[in-house]
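Asks: To be precise about what I am sending: the file is called my_file_6.cif and holds mmCIF, C-alpha atoms and all ligand atoms.
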```cif
data_target
#
loop_
_atom_site.label_atom_id
_atom_site.label_comp_id
_atom_site.auth_asym_id
_atom_site.auth_seq_id
_atom_site.Cartn_x
_atom_site.Cartn_y
_atom_site.Cartn_z
CA MET A 1 43.11 55.63 152.20
CA ILE A 2 41.46 58.01 154.68
CA LYS A 3 42.09 61.66 153.95
CA ILE A 4 41.73 64.39 156.55
CA GLU A 5 41.67 67.87 155.02
CA PRO A 6 44.39 70.01 156.69
CA ASP A 7 42.10 73.07 156.94
CA ILE A 8 39.77 72.24 159.82
CA ARG A 9 37.10 74.61 158.49
CA HIS A 10 36.65 72.35 155.47
CA ALA A 11 37.66 69.02 156.97
CA ALA A 12 35.43 66.00 157.53
CA THR A 13 36.01 63.65 160.46
CA PRO A 14 37.17 60.08 159.70
CA PRO A 15 34.74 57.60 158.18
CA ALA A 16 33.27 54.99 160.51
CA ARG A 17 35.56 52.26 159.22
CA LEU A 18 38.48 53.83 161.10
CA TYR A 19 36.82 52.56 164.27
CA THR A 20 35.36 49.28 163.06
CA ASP A 21 37.66 47.77 160.40
CA SER A 22 40.00 45.01 161.63
CA ALA A 23 42.51 45.61 158.82
CA ILE A 24 42.84 49.27 159.84
CA TYR A 25 43.27 48.19 163.44
CA ARG A 26 46.08 45.77 162.49
CA SER A 27 47.71 48.44 160.36
CA SER A 28 47.70 50.80 163.36
CA LEU A 29 49.70 48.26 165.37
CA ASP A 30 52.46 48.13 162.72
CA ASN A 31 52.40 51.69 161.40
CA VAL A 32 51.58 53.58 164.58
CA PHE A 33 52.25 51.66 167.80
CA ALA A 34 55.38 49.73 166.78
CA ARG A 35 56.98 53.07 165.79
CA SER A 36 55.75 55.14 168.72
CA TRP A 37 57.10 56.14 172.11
CA GLN A 38 55.42 54.33 174.99
CA PHE A 39 55.30 54.78 178.74
CA ILE A 40 56.91 51.57 180.04
CA GLY A 41 57.05 51.90 183.79
CA ASP A 42 58.34 53.55 186.83
CA SER A 43 61.89 53.91 188.11
CA SER A 44 60.74 53.22 191.70
CA SER A 45 60.89 49.48 190.94
CA LEU A 46 64.56 49.83 189.93
CA HIS A 47 66.08 51.82 192.76
CA GLU A 48 69.12 49.67 193.46
CA PRO A 49 71.77 48.12 191.22
CA GLY A 50 70.70 44.53 190.56
CA SER A 51 66.97 45.35 190.36
CA VAL A 52 65.11 43.71 187.50
CA SER A 53 61.48 44.12 186.54
CA PRO A 54 59.71 42.25 183.70
CA VAL A 55 57.22 44.36 181.73
CA LYS A 56 55.27 44.04 178.50
CA LEU A 57 55.11 46.65 175.79
CA LEU A 58 51.41 47.11 175.02
CA PRO A 59 50.01 43.93 176.61
CA GLY A 60 47.01 42.74 174.64
CA SER A 61 48.27 44.01 171.28
CA LEU A 62 52.01 44.17 170.55
CA GLU A 63 52.76 41.98 173.61
CA VAL A 64 56.53 42.48 173.48
CA PRO A 65 58.18 40.96 176.58
CA LEU A 66 60.81 43.31 178.01
CA VAL A 67 62.83 43.48 181.19
CA LEU A 68 63.94 46.69 182.87
CA THR A 69 67.23 46.40 184.72
CA ASN A 70 69.52 48.49 186.89
CA ASP A 71 73.04 47.19 186.20
CA GLU A 72 75.97 47.09 188.61
CA HIS A 73 76.95 50.64 187.58
CA GLY A 74 73.47 51.97 188.38
CA GLU A 75 72.56 52.34 184.69
CA LEU A 76 69.04 51.51 183.61
CA HIS A 77 68.35 49.29 180.59
CA CYS A 78 65.32 48.13 178.68
CA LEU A 79 66.09 44.68 177.22
CA SER A 80 64.25 42.03 175.29
CA ASN A 81 63.08 39.45 177.82
CA VAL A 82 63.26 36.64 175.25
CA CYS A 83 66.18 34.25 175.34
CA THR A 84 68.43 34.38 172.27
CA HIS A 85 68.71 30.55 172.32
CA ARG A 86 65.22 29.20 171.57
CA GLY A 87 63.01 32.06 172.59
CA ASN A 88 61.97 31.22 176.12
CA LEU A 89 60.92 34.03 178.44
CA ILE A 90 63.79 34.82 180.77
CA CYS A 91 62.72 36.91 183.75
CA GLN A 92 59.23 36.27 185.14
CA THR A 93 59.31 38.03 188.51
CA ALA A 94 60.77 41.31 189.73
CA GLY A 95 63.62 41.14 192.22
CA LYS A 96 67.36 41.54 192.70
CA HIS A 97 69.80 39.49 190.66
CA ASN A 98 73.43 39.41 189.59
CA ASP A 99 72.51 38.33 186.10
CA LEU A 100 69.58 37.27 183.93
CA ARG A 101 69.29 33.51 183.67
CA CYS A 102 67.01 31.68 181.26
CA PRO A 103 65.22 28.90 183.13
CA TYR A 104 65.06 26.60 180.06
CA HIS A 105 68.77 25.76 179.37
CA SER A 106 70.38 28.20 181.81
CA ARG A 107 71.82 30.72 179.33
CA ARG A 108 73.02 33.78 181.25
CA PHE A 109 73.20 37.45 180.42
CA GLU A 110 74.68 40.51 182.14
CA LEU A 111 72.18 43.07 183.41
CA ASN A 112 73.12 45.20 180.40
CA GLY A 113 72.00 42.38 178.09
CA LYS A 114 75.43 41.09 177.08
CA PHE A 115 75.73 37.33 176.70
CA ARG A 116 77.67 35.78 179.60
CA TYR A 117 77.55 31.99 179.41
CA ALA A 118 75.63 29.10 177.85
CA PRO A 119 76.14 25.49 178.98
CA GLY A 120 76.41 22.94 176.15
CA PHE A 121 77.75 25.29 173.50
CA GLU A 122 81.46 24.36 173.83
CA GLN A 123 81.62 22.93 170.29
CA ALA A 124 79.59 25.70 168.64
CA GLU A 125 81.56 27.66 166.01
CA ASN A 126 81.52 31.45 165.82
CA PHE A 127 79.89 31.53 169.19
CA PRO A 128 78.98 33.73 170.97
CA SER A 129 78.33 36.58 168.56
CA ASP A 130 76.45 39.88 168.87
CA SER A 131 73.22 38.13 168.03
CA ASP A 132 73.51 36.16 171.27
CA ASN A 133 73.17 39.38 173.30
CA LEU A 134 69.71 40.52 174.32
CA PRO A 135 68.40 43.30 172.05
CA GLU A 136 68.33 46.60 173.93
CA LEU A 137 65.77 49.37 173.36
CA GLN A 138 66.32 53.06 173.93
CA LEU A 139 65.18 53.92 177.46
CA GLU A 140 64.36 57.50 178.41
CA ARG A 141 63.47 58.91 181.78
CA TRP A 142 61.66 61.99 183.08
CA GLY A 143 61.48 62.02 186.88
CA PRO A 144 60.09 58.59 187.81
CA LEU A 145 58.61 57.97 184.35
CA LEU A 146 60.29 55.60 181.90
CA PHE A 147 59.66 55.53 178.15
CA THR A 148 60.79 53.29 175.33
CA SER A 149 60.12 52.55 171.68
CA LEU A 150 60.61 49.49 169.49
CA ASN A 151 61.54 51.53 166.44
CA PRO A 152 61.00 55.25 167.03
CA GLU A 153 59.97 57.31 164.01
CA ILE A 154 60.80 60.55 165.88
CA SER A 155 63.29 61.49 168.56
CA PHE A 156 62.27 61.35 172.21
CA ASN A 157 62.97 65.05 172.48
CA ASP A 158 60.69 65.89 169.56
CA TRP A 159 57.98 63.88 171.28
CA LEU A 160 58.16 64.90 174.97
CA GLY A 161 60.18 68.14 174.62
CA PRO A 162 57.18 70.53 174.54
CA VAL A 163 55.85 69.06 177.81
CA GLN A 164 59.23 69.22 179.53
CA GLN A 165 59.83 72.79 178.38
CA ARG A 166 56.42 74.05 179.47
CA LEU A 167 56.74 72.46 182.90
CA ALA A 168 60.51 72.76 183.41
CA TRP A 169 59.88 74.25 186.85
CA LEU A 170 58.13 71.12 188.18
CA PRO A 171 60.31 68.95 190.49
CA MET A 172 59.49 65.70 188.69
CA ASP A 173 61.88 63.70 190.88
CA GLU A 174 59.58 64.45 193.83
CA PHE A 175 56.56 62.85 192.12
CA LEU A 176 55.75 59.50 193.76
CA LEU A 177 53.59 56.71 192.38
CA ASP A 178 50.54 56.14 194.62
CA GLN A 179 49.39 52.54 194.09
CA GLN A 180 46.09 53.26 195.86
CA ARG A 181 45.23 55.76 193.17
CA CYS A 182 45.97 53.57 190.16
CA GLU A 183 43.13 52.00 188.21
CA ASN A 184 42.57 50.08 184.96
CA TYR A 185 39.42 50.57 182.91
CA THR A 186 38.55 48.10 180.12
CA PHE A 187 35.66 48.73 177.75
CA PRO A 188 34.36 47.55 174.34
CA ALA A 189 35.27 50.46 172.06
CA ASN A 190 38.05 51.37 169.66
CA TRP A 191 41.09 53.08 171.20
CA THR A 192 40.89 56.07 168.86
CA LEU A 193 37.44 56.98 170.20
CA TYR A 194 38.85 57.32 173.70
CA CYS A 195 41.68 59.56 172.46
CA GLU A 196 39.49 61.81 170.35
CA ASN A 197 36.98 62.21 173.15
CA TYR A 198 39.84 63.38 175.36
CA LEU A 199 40.88 65.85 172.68
CA ASP A 200 37.43 67.41 172.22
CA TYR A 201 36.49 69.94 174.84
CA LEU A 202 33.17 70.86 173.27
CA HIS A 203 31.62 68.05 175.32
CA ILE A 204 32.77 69.23 178.76
CA PRO A 205 29.65 71.25 179.70
CA TYR A 206 27.30 68.51 178.47
CA ILE A 207 29.01 65.33 179.68
CA HIS A 208 30.93 66.61 182.71
CA PRO A 209 28.76 69.12 184.63
CA GLU A 210 30.84 68.72 187.81
CA LEU A 211 34.17 69.26 186.02
CA ASN A 212 32.64 72.17 184.16
CA GLN A 213 32.06 73.96 187.47
CA THR A 214 35.74 73.80 188.38
CA LEU A 215 36.90 75.26 185.04
CA ASP A 216 36.52 78.63 183.38
CA ILE A 217 35.41 77.03 180.14
CA LYS A 218 35.25 80.34 178.24
CA ARG A 219 38.98 80.73 178.66
CA TYR A 220 39.83 77.05 178.11
CA ARG A 221 42.18 76.74 175.14
CA ILE A 222 44.22 74.29 173.13
CA GLU A 223 47.76 74.59 171.79
CA LEU A 224 49.09 72.26 169.10
CA PHE A 225 52.67 71.03 168.86
CA LYS A 226 54.00 68.68 166.23
CA TYR A 227 53.40 65.36 168.01
CA CYS A 228 51.45 66.43 171.08
CA ASN A 229 48.96 69.03 172.15
CA LEU A 230 47.98 70.84 175.31
CA GLN A 231 44.56 71.70 176.64
CA LEU A 232 44.96 74.45 179.17
CA GLY A 233 42.21 74.32 181.78
CA LEU A 234 41.82 77.63 183.56
CA ALA A 235 40.30 77.53 187.02
CA ALA A 236 36.85 78.95 187.72
CA ALA A 237 36.81 81.72 190.36
CA GLY A 238 37.75 80.37 193.78
CA GLN A 239 38.85 76.95 192.48
CA THR A 240 42.24 75.35 193.09
CA ALA A 241 44.98 76.47 190.70
CA PHE A 242 48.74 75.99 190.34
CA ASP A 243 50.96 78.30 192.35
CA LEU A 244 53.15 79.06 189.34
CA PRO A 245 56.70 80.38 189.74
CA LYS A 246 57.89 83.42 187.77
CA SER A 247 59.94 81.09 185.54
CA SER A 248 56.73 79.51 184.18
CA PRO A 249 55.57 80.89 180.82
CA ASP A 250 52.06 80.81 182.33
CA TYR A 251 52.94 82.85 185.41
CA GLY A 252 50.03 85.00 186.55
CA GLN A 253 47.30 82.72 185.16
CA GLN A 254 44.96 80.61 187.26
CA ILE A 255 45.66 77.22 185.74
CA ALA A 256 43.69 74.27 187.12
CA ALA A 257 45.12 71.61 184.80
CA TYR A 258 47.57 71.03 181.98
CA TYR A 259 46.08 68.27 179.83
CA PHE A 260 48.82 67.01 177.52
CA TRP A 261 48.12 64.36 174.92
CA LEU A 262 51.09 62.74 173.17
CA PHE A 263 50.71 60.81 169.94
CA PRO A 264 49.39 58.20 169.78
CA ASN A 265 48.05 57.03 173.14
CA LEU A 266 49.42 58.87 176.17
CA MET A 267 47.79 61.52 178.30
CA MET A 268 49.70 63.38 181.00
CA ASN A 269 47.35 65.44 183.14
CA PHE A 270 49.12 67.79 185.54
CA TYR A 271 47.12 69.11 188.49
CA PRO A 272 48.26 71.09 191.52
CA TRP A 273 48.46 67.75 193.42
CA GLY A 274 50.65 66.01 190.82
CA LEU A 275 50.25 63.97 187.65
CA SER A 276 47.65 61.54 186.34
CA VAL A 277 49.10 59.41 183.54
CA ASN A 278 46.57 57.71 181.25
CA VAL A 279 47.85 55.03 178.88
CA VAL A 280 45.32 53.99 176.23
CA GLU A 281 46.08 50.39 175.29
CA PRO A 282 44.37 48.82 172.29
CA LEU A 283 43.17 45.26 172.92
CA GLY A 284 41.27 44.73 169.67
CA VAL A 285 39.33 46.67 167.07
CA SER A 286 36.59 47.32 169.60
CA GLN A 287 38.29 46.67 172.93
CA THR A 288 40.46 49.08 174.91
CA ARG A 289 42.10 49.28 178.31
CA VAL A 290 43.04 52.61 179.87
CA ARG A 291 45.54 52.56 182.70
CA PHE A 292 45.36 55.45 185.16
CA LEU A 293 48.50 56.01 187.25
CA SER A 294 48.73 58.74 189.88
CA TYR A 295 52.00 60.44 190.77
CA VAL A 296 51.46 62.56 193.84
CA TRP A 297 53.51 65.67 194.49
CA GLN A 298 51.43 67.81 196.90
CA PRO A 299 48.99 65.45 198.66
CA ASP A 300 47.18 68.26 200.49
CA LYS A 301 45.73 69.37 197.13
CA LEU A 302 44.32 65.97 196.14
CA ALA A 303 40.77 66.74 197.25
CA THR A 304 40.17 69.98 195.39
CA GLY A 305 39.69 71.34 191.89
CA ALA A 306 39.58 69.71 188.44
CA GLY A 307 41.94 66.93 189.52
CA SER A 308 39.76 65.71 192.40
CA ILE A 309 37.00 63.95 190.41
CA LEU A 310 39.00 61.83 187.99
CA ASP A 311 37.02 58.62 188.51
CA GLN A 312 33.69 60.36 187.91
CA VAL A 313 34.99 62.08 184.76
CA GLU A 314 36.39 58.76 183.52
CA GLN A 315 33.01 57.01 183.94
CA GLN A 316 31.27 59.82 182.06
CA ASP A 317 33.82 59.67 179.22
CA GLU A 318 33.67 55.89 179.02
CA ALA A 319 29.87 55.96 178.73
CA VAL A 320 29.92 58.36 175.80
CA VAL A 321 32.73 56.47 174.07
CA LEU A 322 30.58 53.31 174.24
CA THR A 323 27.52 54.99 172.77
CA SER A 324 29.69 56.49 170.01
CA GLN A 325 31.08 53.04 169.17
CA ALA A 326 27.51 51.75 168.91
CA GLY A 327 26.48 54.64 166.68
CA LEU A 328 29.45 54.21 164.37
CA GLN A 329 28.28 50.66 163.51
CA SER A 330 25.21 52.13 161.83
CA ARG A 331 24.93 51.89 158.05
CA LEU A 332 23.47 55.39 158.13
CA TYR A 333 26.54 57.17 159.54
CA GLN A 334 29.23 58.24 157.08
CA ARG A 335 31.46 60.96 158.53
CA GLY A 336 31.00 64.25 160.36
CA ARG A 337 32.57 67.73 160.54
CA TYR A 338 34.80 69.40 163.14
CA ALA A 339 33.77 72.30 165.38
CA PRO A 340 36.81 74.45 164.49
CA ASP A 341 37.18 76.29 167.81
CA TYR A 342 36.84 73.20 169.97
CA GLU A 343 37.99 70.15 168.05
CA SER A 344 41.41 71.14 166.73
CA GLY A 345 42.94 68.51 169.03
CA CYS A 346 40.85 65.76 167.40
CA HIS A 347 41.75 67.10 163.98
CA HIS A 348 45.45 67.08 164.93
CA PHE A 349 45.20 63.47 166.15
CA HIS A 350 43.31 62.31 163.07
CA GLN A 351 45.90 63.87 160.77
CA LEU A 352 48.82 62.25 162.58
CA LEU A 353 47.02 58.90 162.68
CA THR A 354 45.75 58.73 159.11
CA SER A 355 49.04 59.93 157.60
CA ARG A 356 50.70 56.90 159.21
CA LEU A 357 47.92 54.53 158.23
CA ASN A 358 48.29 55.83 154.69
CA ASN A 359 52.09 55.53 155.03
CA GLN A 360 52.56 59.20 154.27
CA THR A 361 54.71 61.76 155.99
CA ASP A 362 52.98 64.30 158.21
CA GLN A 363 50.36 66.37 156.46
CA GLN A 364 51.19 69.42 158.51
S1 LIG A 401 65.77 28.96 175.50
FE1 LIG A 401 66.93 29.98 176.91
S2 LIG A 401 68.60 28.74 177.33
FE2 LIG A 401 67.48 27.70 175.85
FE FE A 402 35.62 64.11 178.72
#
```
What would you get if you wrote out this structure as structure tokens?
Ligand code: FES
Ligand SMILES: [Fe+2]
Replies:
Amino acid sequence: MIKIEPDIRHAATPPARLYTDSAIYRSSLDNVFARSWQFIGDSSSLHEPGSVSPVKLLPGSLEVPLVLTNDEHGELHCLSNVCTHRGNLICQTAGKHNDLRCPYHSRRFELNGKFRYAPGFEQAENFPSDSDNLPELQLERWGPLLFTSLNPEISFNDWLGPVQQRLAWLPMDEFLLDQQRCENYTFPANWTLYCENYLDYLHIPYIHPELNQTLDIKRYRIELFKYCNLQLGLAAAGQTAFDLPKSSPDYGQQIAAYYFWLFPNLMMNFYPWGLSVNVVEPLGVSQTRVRFLSYVWQPDKLATGAGSILDQVEQQDEAVVLTSQAGLQSRLYQRGRYAPDYESGCHHFHQLLTSRLNNQTDQQ
């Protein structure tokens, strides 16, 4: 049981075993990831009825094979990609199809997952039944972004709602995935270290001198919501900022970046040029992959401001996450304390995480 004191002024950070213990890692897969909302893909691969696209939910950890489909009515679905006969994988390549057909014994399914036909089952009793359909997961969409969950502990609206409300003025349907600006980073450290580093802005002046010059760090601030939080990066004088409409609650401020983190492993960083999505995927107790996806809205703003040096900032963050992982292995480190004005995001994350690892309800 790892306890995080709710009052940050008294709280200690998690003990080192949170980052190094395999049993805690396995518990996080069941108690956190299998119950969480996850970014699952992009609607651009599903434009037309008949489009199908195989995906995996958290490849390298949960490894759940799924297939996204656009059925003949233009409705999107997120289905199990495992045949209900003997468990073979059904769809292995993206394309256009009238149905989903298992290559093993040719069982067929509609694009909405309903069983259609299975050769050889003429004598089977009570067949087909509902259990012969492909299980379907809830699929949610915001602009081009698709989200799903195996077994959501909270509603989609409770999860993403604060982001959507804050940025309701953004034309998300105009955001386009730019494959040239997508990158995967894999490194030997625990996934939580990457998240908490993102949520701590005390390190910006020390680790990111270039980013620090684009931001007015004295006016940088963090806002906590129930399952997500926002770091509001204000632009330094003369630096690129959003041209906010009057309908924005932030109208009149020089905002360089909205850094949203959503429990447990998603970052949505909005810049004047568009959106950088970071998905933190656990691969093992000390192995993590972070996927960076860029959705461009105003390409002329790509080269300026806080959002123009993402690769450099990522390398700097990755380096400090690795040295933290090394330090946490030491027998001489126990646990630390939070800097109350700067590390409330980390404290928020640690509370949400440990309450689930302890199988408790939220401590806040
Ligand atoms: S496993 Fe799919 S048809 Fe047999
Ligand atoms: Fe950083």
Asks: Any chance you could tabulate, as CSV, the residues of chain A at most 10 Å from ligand LIG 401 (chain A) with each one's nearest atom pair and distance in Å to one decimal, using only C-alpha atoms and all ligand atoms, in chain and rising number order?
Replies:
```
residue,atom,partner,partner_atom,distance
A:Val82,CA,A:LIG401,FE1,7.8
A:Cys83,CA,A:LIG401,FE1,4.6
A:Thr84,CA,A:LIG401,FE1,6.6
A:His85,CA,A:LIG401,S1,4.6
A:Arg86,CA,A:LIG401,S1,4.0
A:Gly87,CA,A:LIG401,S1,5.1
A:Asn88,CA,A:LIG401,S1,4.5
A:Leu89,CA,A:LIG401,FE1,7.4
A:Ile90,CA,A:LIG401,FE1,6.9
A:Arg101,CA,A:LIG401,S2,8.0
A:Cys102,CA,A:LIG401,FE1,4.7
A:Pro103,CA,A:LIG401,FE1,6.5
A:Tyr104,CA,A:LIG401,S2,5.0
A:His105,CA,A:LIG401,S2,3.6
A:Ser106,CA,A:LIG401,S2,4.9
A:Arg107,CA,A:LIG401,S2,4.3
A:Arg108,CA,A:LIG401,S2,7.8
A:Tyr117,CA,A:LIG401,S2,9.7
A:Ala118,CA,A:LIG401,S2,7.1
A:Pro119,CA,A:LIG401,S2,8.4
A:Gly120,CA,A:LIG401,S2,9.8
```
Asks: Let me have all residues with an atom within 8 Å of ligand FE 402 (chain A), counting all atoms listed in the file, laid out as a ChimeraX atom specification.
Replies: /A:197-198,200-201,203-204,207-208,313-314,316-317
Asks: Quick one: everything within 9 Å of range 27-36 of chain A, counting all atoms listed in the file, minus sequence neighbours fewer than 2 positions away in the same chain. Send it as a ChimeraX atom specification.
Replies: /A:22-25,38,58,61-62,148-154,263-265,282,353,356-359
Asks: Nearest to Gln287 in chain A among A:Pro245, A:Pro15, A:Pro188, A:Pro171, with distances taken over all atoms listed in the file: which residue is it?
Replies: A:Pro188
Asks: With all atoms listed in the file as the basis for distance, which of A:His97, A:Gln138, A:Asp71, A:Glu48 is at the shortest distance from Lys114 in chain A?
Replies: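 Distance minimum relative to Lys114 in chain A lands on A:Asp71.
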